[in-house]
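**Student:** Next comes run_35.csv, CSV, C-alpha atoms:
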chain,number,residue,atom,x,y,z
A,1,MET,CA,0.0,0.0,0.0
A,2,GLU,CA,1.3,3.4,-0.9
A,3,THR,CA,0.6,4.8,2.5
A,4,ASP,CA,3.0,2.3,4.1
A,5,ARG,CA,5.8,3.6,1.9
A,6,ILE,CA,5.4,7.3,2.5
A,7,LEU,CA,4.5,7.4,6.2
A,8,THR,CA,7.8,6.3,7.7
A,9,PRO,CA,8.8,9.1,10.1
A,10,VAL,CA,12.2,9.0,11.7
A,11,ARG,CA,12.4,8.9,15.5
A,12,ALA,CA,13.3,12.3,17.0
A,13,GLN,CA,16.8,12.3,18.7
A,14,LEU,CA,16.6,15.5,20.7
A,15,PRO,CA,14.1,15.8,23.6
A,16,LEU,CA,11.5,18.6,23.4
A,17,GLY,CA,10.2,20.6,26.3
A,18,LEU,CA,6.5,21.3,26.4
A,19,ILE,CA,5.1,24.2,28.5
A,20,PRO,CA,1.4,23.9,29.0
A,21,ALA,CA,-0.7,26.7,27.4
A,22,GLY,CA,-4.4,26.9,26.4
A,23,SER,CA,-7.4,25.0,27.5
A,24,THR,CA,-7.0,21.8,25.5
A,25,ASN,CA,-3.4,20.9,26.1
A,26,VAL,CA,-4.0,17.3,27.1
A,27,LEU,CA,-0.4,16.3,26.0
A,28,ALA,CA,1.2,18.6,28.6
A,29,HIS,CA,-1.2,17.4,31.3
A,30,SER,CA,-0.5,13.8,30.4
A,31,LEU,CA,3.2,14.4,30.5
A,32,HIS,CA,3.5,16.4,33.7
A,33,GLY,CA,0.5,15.1,35.7
A,34,VAL,CA,-0.8,18.7,36.0
A,35,PRO,CA,-1.1,21.6,33.6
A,36,HIS,CA,1.4,23.6,35.6
A,37,VAL,CA,4.2,25.7,34.0
A,38,ILE,CA,6.6,25.4,37.0
A,39,THR,CA,6.2,21.6,37.0
A,40,ALA,CA,6.9,21.4,33.3
A,41,THR,CA,10.0,23.7,33.7
A,42,LEU,CA,11.3,21.5,36.5
A,43,HIS,CA,11.1,18.4,34.4
A,44,ILE,CA,13.1,20.2,31.7
A,45,ILE,CA,15.7,21.4,34.2
A,46,MET,CA,16.1,18.0,35.8
A,47,GLY,CA,16.3,16.2,32.4
A,48,HIS,CA,13.3,13.8,32.9
A,49,VAL,CA,12.8,12.4,29.4
A,50,GLN,CA,9.9,10.3,28.2
A,51,LEU,CA,9.6,8.5,24.8
A,52,VAL,CA,6.1,9.1,23.5
A,53,ASP,CA,4.0,7.3,20.9
A,54,VAL,CA,2.8,9.5,18.0
A,55,CYS,CA,0.0,9.0,15.5
A,56,THR,CA,-0.1,9.9,11.8
A,57,PHE,CA,-3.4,10.9,10.3
A,58,SER,CA,-3.8,10.4,6.6
A,59,THR,CA,-6.4,10.2,3.9
A,60,ALA,CA,-6.1,8.7,0.4
A,61,GLY,CA,-2.4,8.0,1.0
A,62,LYS,CA,-1.7,11.7,1.9
A,63,LEU,CA,-0.4,12.7,5.3
A,64,LEU,CA,-2.7,15.2,7.0
A,65,ARG,CA,-0.8,15.7,10.3
A,66,PHE,CA,0.8,14.1,13.3
A,67,GLY,CA,-1.0,13.9,16.6
A,68,PHE,CA,-1.6,12.1,19.8
A,69,SER,CA,-5.4,11.9,20.1
A,70,ALA,CA,-8.6,12.3,18.0
A,71,MET,CA,-12.3,12.3,18.4
A,72,PHE,CA,-14.9,11.9,15.6
A,73,GLY,CA,-18.6,12.4,16.0
A,74,PHE,CA,-19.7,14.2,19.1
A,75,GLY,CA,-16.1,15.3,20.0
A,76,GLY,CA,-15.5,16.7,16.6
A,77,ARG,CA,-18.8,18.4,16.3
A,78,THR,CA,-18.4,20.0,19.7
A,79,LEU,CA,-15.0,21.5,18.8
A,80,ALA,CA,-16.4,22.7,15.4
A,81,LEU,CA,-19.2,24.6,17.3
A,82,ALA,CA,-16.7,26.0,19.8
A,83,GLU,CA,-14.5,27.4,17.1
A,84,LYS,CA,-17.4,29.5,15.9
A,85,TYR,CA,-17.6,31.3,19.3
A,86,ARG,CA,-14.0,32.4,19.7
A,87,TRP,CA,-15.1,35.6,21.3
A,88,MET,CA,-16.2,33.7,24.4
A,89,SER,CA,-13.8,32.6,27.1
A,90,PRO,CA,-12.4,29.1,26.6
A,91,ASN,CA,-14.5,27.6,29.4
A,92,GLN,CA,-17.7,29.4,28.2
A,93,ARG,CA,-17.4,28.3,24.6
A,94,ARG,CA,-16.6,24.8,25.6
A,95,ASP,CA,-19.6,24.5,27.9
A,96,PHE,CA,-21.8,26.2,25.3
A,97,ALA,CA,-20.7,23.9,22.5
A,98,VAL,CA,-21.2,20.8,24.6
A,99,VAL,CA,-24.8,21.8,25.4
A,100,LYS,CA,-25.6,22.7,21.8
A,101,ALA,CA,-24.0,19.5,20.5
A,102,LEU,CA,-26.0,17.5,23.0
A,103,ALA,CA,-29.2,19.3,21.9
A,104,LYS,CA,-28.5,18.3,18.3
A,105,LEU,CA,-27.1,14.9,19.2
A,106,LYS,CA,-26.9,12.6,16.2
A,107,ALA,CA,-25.1,9.4,15.2
A,108,GLU,CA,-22.8,9.0,12.3
A,109,ASP,CA,-23.1,5.9,10.0
A,110,CYS,CA,-19.5,4.5,9.9
A,111,GLU,CA,-17.4,1.6,9.1
A,112,ILE,CA,-14.4,1.2,11.4
A,113,SER,CA,-11.5,-1.1,10.7
A,114,PHE,CA,-8.8,-1.7,13.2
A,115,LEU,CA,-5.7,-3.8,13.7
A,116,PRO,CA,-5.7,-5.2,17.3
A,117,PHE,CA,-2.6,-4.5,19.4
A,118,ASN,CA,-0.2,-7.4,19.5
A,119,SER,CA,1.3,-7.3,23.0
A,120,SER,CA,4.2,-9.6,21.8
A,121,ASP,CA,5.6,-6.9,19.6
A,122,ASP,CA,9.0,-5.7,20.7
A,123,VAL,CA,8.4,-1.9,20.8
A,124,GLU,CA,12.0,-1.1,21.9
A,125,ASN,CA,13.4,-2.7,18.7
A,126,ASN,CA,10.8,-1.4,16.4
A,127,GLN,CA,13.0,0.9,14.4
A,128,SER,CA,11.3,0.7,11.0
A,129,LEU,CA,7.9,1.9,12.4
A,130,SER,CA,6.2,-0.2,9.6
A,131,LEU,CA,3.8,-3.1,9.9
A,132,PRO,CA,4.5,-6.4,8.1
A,133,LEU,CA,2.8,-6.7,4.7
A,134,ASP,CA,1.2,-10.0,5.6
A,135,CYS,CA,-1.0,-8.6,8.5
A,136,ASN,CA,-4.1,-7.9,6.4
A,137,ASP,CA,-5.9,-11.0,7.7
A,138,GLN,CA,-5.7,-9.6,11.3
A,139,TRP,CA,-7.8,-6.5,10.6
A,140,GLN,CA,-11.3,-6.4,12.2
A,141,MET,CA,-14.2,-4.4,11.1
A,142,ILE,CA,-17.3,-3.0,12.9
A,143,GLN,CA,-20.1,-0.9,11.4
A,144,GLY,CA,-23.2,0.9,12.5
A,145,GLN,CA,-24.4,4.2,14.0
A,146,PHE,CA,-21.9,5.8,16.3
A,147,LEU,CA,-22.3,8.9,18.5
A,148,ASN,CA,-18.6,9.2,19.2
A,149,VAL,CA,-15.3,7.6,18.2
A,150,SER,CA,-12.1,8.3,20.1
A,151,ILE,CA,-8.6,7.1,19.1
A,152,MET,CA,-6.0,8.0,21.8
A,153,ALA,CA,-2.3,7.1,22.1
A,154,ILE,CA,-1.9,8.9,25.4
A,155,PRO,CA,-4.1,9.0,28.6
A,156,CYS,CA,-5.4,12.5,27.8
A,157,LEU,CA,-5.5,13.8,31.3
A,158,CYS,CA,-7.5,17.1,31.4
A,159,SER,CA,-9.6,19.2,33.7
A,160,VAL,CA,-12.9,17.5,32.7
A,161,ALA,CA,-11.3,14.0,33.0
A,162,PRO,CA,-8.8,13.9,35.8
A,163,ARG,CA,-8.2,10.1,35.3
A,164,GLY,CA,-7.9,10.7,31.5
A,165,LEU,CA,-10.1,10.3,28.5
A,166,ALA,CA,-8.3,7.0,28.0
A,167,PRO,CA,-7.1,6.0,31.5
A,168,ASN,CA,-5.9,2.6,30.5
A,169,THR,CA,-3.4,4.0,27.9
A,170,ARG,CA,0.1,5.0,28.6
A,171,LEU,CA,2.5,7.4,26.8
A,172,ASN,CA,4.7,4.8,25.2
A,173,ASN,CA,3.3,1.3,25.4
A,174,GLY,CA,3.0,1.0,21.6
A,175,SER,CA,-0.8,0.9,21.5
A,176,MET,CA,-3.8,3.2,21.1
A,177,ALA,CA,-7.2,3.1,22.8
A,178,LEU,CA,-10.2,2.9,20.4
A,179,ILE,CA,-13.3,3.9,22.3
A,180,ILE,CA,-16.7,3.7,20.5
A,181,ALA,CA,-20.0,5.0,21.8
A,182,ARG,CA,-22.8,3.4,19.7
A,183,ASN,CA,-26.1,5.1,19.2
A,184,THR,CA,-28.2,5.4,22.3
A,185,SER,CA,-30.6,7.8,24.0
A,186,ARG,CA,-29.4,11.3,25.0
A,187,PRO,CA,-29.8,10.7,28.7
A,188,GLU,CA,-27.7,7.6,28.6
A,189,PHE,CA,-25.0,9.3,26.6
A,190,ILE,CA,-24.9,12.2,29.1
A,191,LYS,CA,-24.4,9.6,31.9
A,192,HIS,CA,-21.4,8.3,30.0
A,193,LEU,CA,-19.9,11.8,29.6
A,194,LYS,CA,-20.5,12.6,33.3
A,195,ARG,CA,-18.5,9.5,34.3
A,196,TYR,CA,-15.3,11.1,33.0
A,197,ALA,CA,-15.3,13.5,35.9
A,198,SER,CA,-15.8,10.8,38.5
A,199,VAL,CA,-13.9,7.8,39.7
A,200,LYS,CA,-16.5,5.4,38.2
A,201,ASN,CA,-15.8,3.4,35.1
A,202,GLN,CA,-16.9,5.6,32.2
A,203,PHE,CA,-16.9,2.6,29.8
A,204,ASN,CA,-19.3,0.5,31.9
A,205,PHE,CA,-22.3,1.0,29.6
A,206,PRO,CA,-23.8,-1.5,27.1
A,207,PHE,CA,-23.4,1.0,24.2
A,208,VAL,CA,-19.6,1.7,24.9
A,209,GLU,CA,-16.9,-0.6,23.4
A,210,THR,CA,-13.2,-0.3,23.9
A,211,TYR,CA,-10.3,-1.9,22.0
A,212,THR,CA,-6.5,-1.8,22.2
A,213,VAL,CA,-5.2,-1.2,18.7
A,214,GLU,CA,-2.3,-0.3,16.5
A,215,GLU,CA,-4.1,1.1,13.5
A,216,VAL,CA,-7.6,2.4,12.8
A,217,LYS,CA,-9.5,3.4,9.7
A,218,VAL,CA,-12.7,5.4,10.1
A,219,HIS,CA,-14.8,5.5,7.0
A,220,PRO,CA,-18.1,7.5,7.1
A,221,ARG,CA,-20.7,5.7,5.0
A,222,ASN,CA,-22.7,8.8,4.2
A,223,ASN,CA,-20.8,11.4,2.2
A,224,THR,CA,-22.7,14.5,3.3
A,225,GLY,CA,-21.0,15.4,6.5
A,226,GLY,CA,-24.3,15.4,8.3
A,227,TYR,CA,-25.5,18.3,6.0
A,228,ASN,CA,-29.2,18.4,5.4
A,229,PRO,CA,-30.7,21.6,3.8
A,230,GLU,CA,-34.1,20.7,5.2
A,231,GLU,CA,-32.9,21.1,8.7
A,232,GLU,CA,-31.4,24.0,10.5
A,233,GLU,CA,-28.1,25.2,9.2
A,234,ASP,CA,-25.4,22.7,10.2
A,235,GLU,CA,-22.8,24.8,12.1
A,236,THR,CA,-20.5,21.9,12.9
A,237,ALA,CA,-18.9,21.2,9.5
A,238,SER,CA,-18.4,22.4,6.0
A,239,GLU,CA,-20.7,20.7,3.5
A,240,ASN,CA,-19.4,17.3,2.5
A,241,CYS,CA,-16.8,17.3,5.3
A,242,PHE,CA,-16.7,15.7,8.7
A,243,PRO,CA,-15.2,17.5,11.7
A,244,TRP,CA,-12.4,15.8,13.7
A,245,ASN,CA,-10.9,17.0,17.0
A,246,VAL,CA,-7.2,16.2,16.9
A,247,ASP,CA,-5.4,17.3,20.0
A,248,GLY,CA,-7.8,20.2,20.4
A,249,ASP,CA,-7.4,21.4,16.8
A,250,LEU,CA,-10.2,21.2,14.2
A,251,MET,CA,-9.5,19.0,11.2
A,252,GLU,CA,-12.2,18.6,8.5
A,253,VAL,CA,-12.0,15.7,6.2
A,254,ALA,CA,-14.5,14.4,3.5
A,255,SER,CA,-13.4,10.8,3.4
A,256,GLU,CA,-11.8,7.9,5.3
A,257,VAL,CA,-9.1,8.8,7.8
A,258,HIS,CA,-6.3,6.3,8.5
A,259,ILE,CA,-4.7,6.6,12.0
A,260,ARG,CA,-1.5,4.8,12.5
A,261,LEU,CA,0.7,4.5,15.6
A,262,HIS,CA,4.4,5.0,15.6
A,263,PRO,CA,5.8,3.7,18.9
A,264,ARG,CA,8.1,6.0,20.9
A,265,LEU,CA,8.7,8.3,18.0
A,266,ILE,CA,9.4,11.5,19.9
A,267,SER,CA,11.3,12.3,23.1
A,268,LEU,CA,9.6,14.8,25.5
A,269,TYR,CA,10.4,16.1,28.9
A,270,GLY,CA,8.0,14.7,31.5
A,271,GLY,CA,7.5,12.5,34.5
A,272,SER,CA,6.6,8.9,35.1
A,273,MET,CA,3.0,8.1,34.2
A,274,GLU,CA,2.7,5.4,36.8
A,275,GLU,CA,3.4,8.0,39.5
A,276,MET,CA,1.2,10.7,38.1
A,277,ILE,CA,-2.1,9.0,37.2
A,278,PRO,CA,-4.6,9.1,40.2
A,279,LYS,CA,-5.6,5.7,41.5
Could you write out this structure as structure tokens?

**Tutor:**
Amino acid sequence: METDRILTPVRAQLPLGLIPAGSTNVLAHSLHGVPHVITATLHIIMGHVQLVDVCTFSTAGKLLRFGFSAMFGFGGRTLALAEKYRWMSPNQRRDFAVVKALAKLKAEDCEISFLPFNSSDDVENNQSLSLPLDCNDQWQMIQGQFLNVSIMAIPCLCSVAPRGLAPNTRLNNGSMALIIARNTSRPEFIKHLKRYASVKNQFNFPFVETYTVEEVKVHPRNNTGGYNPEEEEDETASENCFPWNVDGDLMEVASEVHIRLHPRLISLYGGSMEEMIPK
């Protein structure tokens, strides 16, 4: 496949320091345990280095961007709404967008293919960052109506999810968390969202499925991006495009998105995840 030939990034040799800034910096929070400038600075001064997994996002064999986490469906539409109200404070526009997206809650008709994580892979010695060509028979596929799809290579600690949006994922274990919320009622979906702020298991719902994966392909089966001229103006995406939330940045794509993990690709200053994540 052409994508396998062109997406072969080289592992970064120099560590990078990350100072938290903004309201969506889940990478800094996941690295340092808290979104705190002094803590981040101390990690840099003391030379605490972490190797971190990185994802590539591509479509039709073309690289779109690098990233660490992504949300499609509710997460993408919420961010697209928030971007239209930049005059509000970050917290205000986030809360406003969540309420508005819940009011217009809708499922996306999707086909999701994924390559399950092989725990026997030797991540330390994976220098080529490429998958074997004979692994096609391992791919699994699910399809249906999904309210939200999350693909996360890091725990994604943040103010609304102190345990992380993907609490069972680590910074550099060579895998991603694929979290799928199938179509359900609005009250049940809201219960699921509220669990992120508590110590209860946010995935303990019959409509939520979790997988540990190495690659994911998300293919929307309707090509209208949710646009319907007979309804109210759709404020969450351009016509024929679907909004994605990638590390807090809006990415609009009209077709299938291929997310591929590259283990321990980058070196960043940060602490030990085992010590930082609340029990």

**Student:** For each of A:Leu178, A:Ala60, A:Met71, A:Ile190, take the minimum atom-to-atom distance to Met251 of chain A, counting only C-alpha atoms, then give the residue where this is smallest.

**Tutor:**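 Going through A:Leu178, A:Ala60, A:Met71, A:Ile190 one by one, the smallest distance to Met251 of chain A is for A:Met71.
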
**Student:** Let me make sure I understand: among A:Ile180, A:Val26, A:Ile142, A:Ala80, which one has the smallest atom-to-atom distance to Val160 of chain A if we use all atoms listed in the file?

**Tutor:**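 Of A:Ile180, A:Val26, A:Ile142, A:Ala80, the one nearest Val160 of chain A, counting all atoms listed in the file, is A:Val26.
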
**Student:** For atom CA of Tyr211 of chain A and atom CA of Leu115 of chain A, determine how far apart the two atoms are, in Å to one decimal place.

**Tutor:**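 According to the coordinates, atom CA of Tyr211 of chain A and atom CA of Leu115 of chain A are separated by 9.7 Å.
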
**Student:** What separation in Å, quoted to one decimal, exists between atom CA of Arg65 of chain A and atom CA of Lys100 of chain A?

**Tutor:**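 It comes out at 28.2 Å.
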
**Student:** For atom CA of Gln138 of chain A and atom CA of Val52 of chain A, quote the distance in Å rounded to one decimal.

**Tutor:**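 So the answer is 25.3 Å.
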
**Student:** Give me the residues near Val208 of chain A as a VMD selection string, where near means some atom within 8 Å (using only C-alpha atoms) and where sequence neighbours in that chain fewer than 6 positions away do not count.

**Tutor:** chain A and resid 179 to 182

**Student:** Please save C-alpha atoms of the selected residues as a PDB file, in the coordinates of the input.

**Tutor:**
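Output below, filename result.pdb:
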ATOM      1  CA  ILE A 179     -13.300   3.900  22.300  1.00  0.00           C
ATOM      2  CA  ILE A 180     -16.700   3.700  20.500  1.00  0.00           C
ATOM      3  CA  ALA A 181     -20.000   5.000  21.800  1.00  0.00           C
ATOM      4  CA  ARG A 182     -22.800   3.400  19.700  1.00  0.00           C
TER       5      ARG A 182
END

**Student:** Find the residue from A:Glu256, A:Asp249, A:Glu209, A:Glu214 that sits nearest to Asn183 of chain A; use only C-alpha atoms when measuring.

**Tutor:**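 Counting only C-alpha atoms, the residue closest to Asn183 of chain A is A:Glu209.
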
**Student:** So, counting only C-alpha atoms, which residue among A:Trp87, A:Phe74, A:Phe114, A:Phe146 is closest to Arg221 of chain A?

**Tutor:**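 For Arg221 of chain A, the nearest of the given residues is A:Phe146.
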
**Student:** Using only C-alpha atoms, which of A:Phe189, A:Tyr85, A:Trp139, A:Phe68 sits nearest Asn172 of chain A?

**Tutor:** A:Phe68

**Student:** Measuring atom to atom with all atoms listed in the file, identify which of A:Cys110, A:Leu268, A:Ala70, A:Met141 is nearest to Gln50 of chain A.

**Tutor:** A:Leu268

**Student:** Dump as a list in words all residues having an atom at most 6 Å from (-4.1, 5.9, 6.0), computed in the file's coordinates with all atoms listed in the file.

**Tutor:**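 Residues with an atom at most 6 Å from (-4.1, 5.9, 6.0): Thr3, Ser58, Thr59, Gly61 and His258 of chain A.
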